[in-house]
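Asker: Below: one structure in structure tokens.
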Amino acid sequence: LMTQVEMRIDGGEPLQRTVIGKPGEPFAMRGEHLGQLWDVHGTASPRGDGLIALATTLSRDGKLVASPKLVVREGRKAGIGIGEKDAASGAFKGIALEVMVTAAAPGVPPAPPVPAAPPVPPAPPAAMTSPPPALAPLPPPAPPAPPKDAIAPLPPGRGEVNRTPAPKYPAAALAQRVDGTVVLEIDIDATGKPTNVEVVKSEPAGVFDQATVDAVKQWQFKPEIENGKPVARRVRVPVKFAARKPQPTPTL
């Protein structure tokens, strides 16, 4: 096949190229205008009914602009335009192609391939006229936050117990041989009787809480003496449950 291509950029002078090649063999041409490099690549494939299928790509400065495809009749020109017509001057702004495909005459040599564009050299590194400013030292890291379940220690206070009924081991926990610990804060009046019992931590949570609170409410503490008089106070008491022992034991 002989493919004749005429390219105009922004209505300028036409660039023409004639390519002789086999059906479906790629053809290409290149044009430059106002510092922009345009490339046209395509193939022409006969359909067997006197029609030629054209598939083309148009690129500007190495970036794809369009990929038009059309069917033309052999020996007739077909036009492709990418751009728009200027309203004032009527000139076409963009790239316009005219393509005509015919059977090549015997003995006509194929056109030489389009040379590849030379690589763009890299930009030289910028010269440093002054040393970069010194970076300020980073502030020291903040101390880690205490864990959410940490228990702040209470002020020192005596919590001797005169009577300590043991909590009843929950049946389900005992059957599964689950150990645990419950930490309590207890308000004790001047007579040594608990007036308020609070769970501040328990492991496992909620398993031994109620049994421990019910038992501790029946405890009797030794009164705290200050300046010769009994006084109320607040103490913290851990109660440990061990399934391997017959009863849980308070640790004071």
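As shown in the structure tokens, the chain order sets the letters A, B, ...; within each chain, residues go from 1, and ligands are also counted from 1 in the order they appear.
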Could you name the residues that touch range 8-19 of chain A at 8 Å or less, counting only C-alpha atoms, but leaving out those on the same chain fewer than 2 positions away, as a list in words?

Answerer: Met2, Thr3, Gln4, Val5, Glu6, Gly21, Phe27, Met29, Gly31, His33, Ala91, Phe92, Lys93, Gly94, Ile95, Ala96, Leu97, Pro110 and Ala111 of chain A

Asker: Kindly indicate which residue among A:Ala171, A:Lys240, A:Thr191, A:Gln176 lies nearest to Glu203 in chain A, using only C-alpha atoms for the distances.

Answerer: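 With only C-alpha atoms as the atom set, the closest residue is A:Lys240.
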
Asker: Go ahead and compute the interatomic distance for CA of Val199 in chain A and CA of Lys229 in chain A, in Å to one decimal.

Answerer: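 Separation between CA of Val199 in chain A and CA of Lys229 in chain A: 29.0 Å.
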
Asker: Could you pull the residues within 9 Å of Arg244 in chain A, counting only C-alpha atoms, minus those fewer than 6 positions along the same chain, as a PyMOL selection string?

Answerer: chain A and resi 174+177+179

Asker: I'd like the neighbourhood of Gly206 in chain A as a count of residues only, where a residue qualifies if any of its atoms comes within 12 Å (using only C-alpha atoms), though same-chain residues fewer than 6 positions away should be ignored.

Answerer: 10

Asker: For a test of reading the model, state the distance in Å between CA of Gly48 in chain A and CA of Met7 in chain A, rounded to one decimal.

Answerer: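 According to the coordinates, CA of Gly48 in chain A and CA of Met7 in chain A are separated by 27.4 Å.
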
Asker: Which value, in Å to one decimal, gives the distance between CA of Pro204 in chain A and CA of Ala243 in chain A?

Answerer: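 Computed distance, CA of Pro204 in chain A to CA of Ala243 in chain A, equals 13.4 Å.
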
Asker: Within 7 Å of Arg73 in chain A, counting only C-alpha atoms, which residues show up once you throw out same-chain ones fewer than 6 positions away? Write them as a ChimeraX atom specification, please.

Answerer: /A:50-52

Asker: Mind writing the picked residues with all heavy atoms as an mmCIF file, in the first residue's frame?

Answerer:
data_model
loop_
_atom_site.group_PDB
_atom_site.id
_atom_site.type_symbol
_atom_site.label_atom_id
_atom_site.label_comp_id
_atom_site.auth_asym_id
_atom_site.auth_seq_id
_atom_site.Cartn_x
_atom_site.Cartn_y
_atom_site.Cartn_z
ATOM 1 N N GLY A 50 -12.892 -2.646 -1.030
ATOM 2 C CA GLY A 50 -12.495 -1.356 -1.577
ATOM 3 C C GLY A 50 -12.341 -0.290 -0.524
ATOM 4 O O GLY A 50 -12.083 0.871 -0.855
ATOM 5 N N LEU A 51 -12.496 -0.656 0.762
ATOM 6 C CA LEU A 51 -12.371 0.301 1.854
ATOM 7 C C LEU A 51 -11.100 0.002 2.652
ATOM 8 O O LEU A 51 -10.644 -1.142 2.736
ATOM 9 C CB LEU A 51 -13.597 0.226 2.769
ATOM 10 C CG LEU A 51 -14.955 0.556 2.125
ATOM 11 C CD1 LEU A 51 -16.074 0.393 3.137
ATOM 12 C CD2 LEU A 51 -14.954 1.977 1.569
ATOM 13 N N ILE A 52 -10.557 1.062 3.219
ATOM 14 C CA ILE A 52 -9.332 0.966 4.015
ATOM 15 C C ILE A 52 -9.647 1.436 5.434
ATOM 16 O O ILE A 52 -10.219 2.525 5.622
ATOM 17 C CB ILE A 52 -8.198 1.831 3.431
ATOM 18 C CG1 ILE A 52 -7.976 1.504 1.949
ATOM 19 C CG2 ILE A 52 -6.918 1.658 4.237
ATOM 20 C CD1 ILE A 52 -7.434 0.132 1.686
#

Asker: Taking 6 positions as the minimum chain separation for residues in the same chain, which residues sit within 8 Å of Ala232 in chain A when counting only C-alpha atoms? Answer as a ChimeraX atom specification.

Answerer: /A:187-192,223-224

Asker: Selection from above, C-alpha atoms, as a short mmCIF file (atom, residue, chain, number, x, y, z; two decimals), in the first residue's frame, can you write it?

Answerer:
data_model
loop_
_atom_site.label_atom_id
_atom_site.label_comp_id
_atom_site.auth_asym_id
_atom_site.auth_seq_id
_atom_site.Cartn_x
_atom_site.Cartn_y
_atom_site.Cartn_z
CA ASP A 187 -14.56 3.91 104.07
CA ILE A 188 -14.33 2.90 107.75
CA ASP A 189 -15.99 4.81 110.59
CA ALA A 190 -14.48 5.44 114.01
CA THR A 191 -15.83 2.12 115.34
CA GLY A 192 -14.10 0.09 112.58
CA PRO A 223 -10.40 1.29 115.05
CA GLU A 224 -7.72 3.80 114.03
#
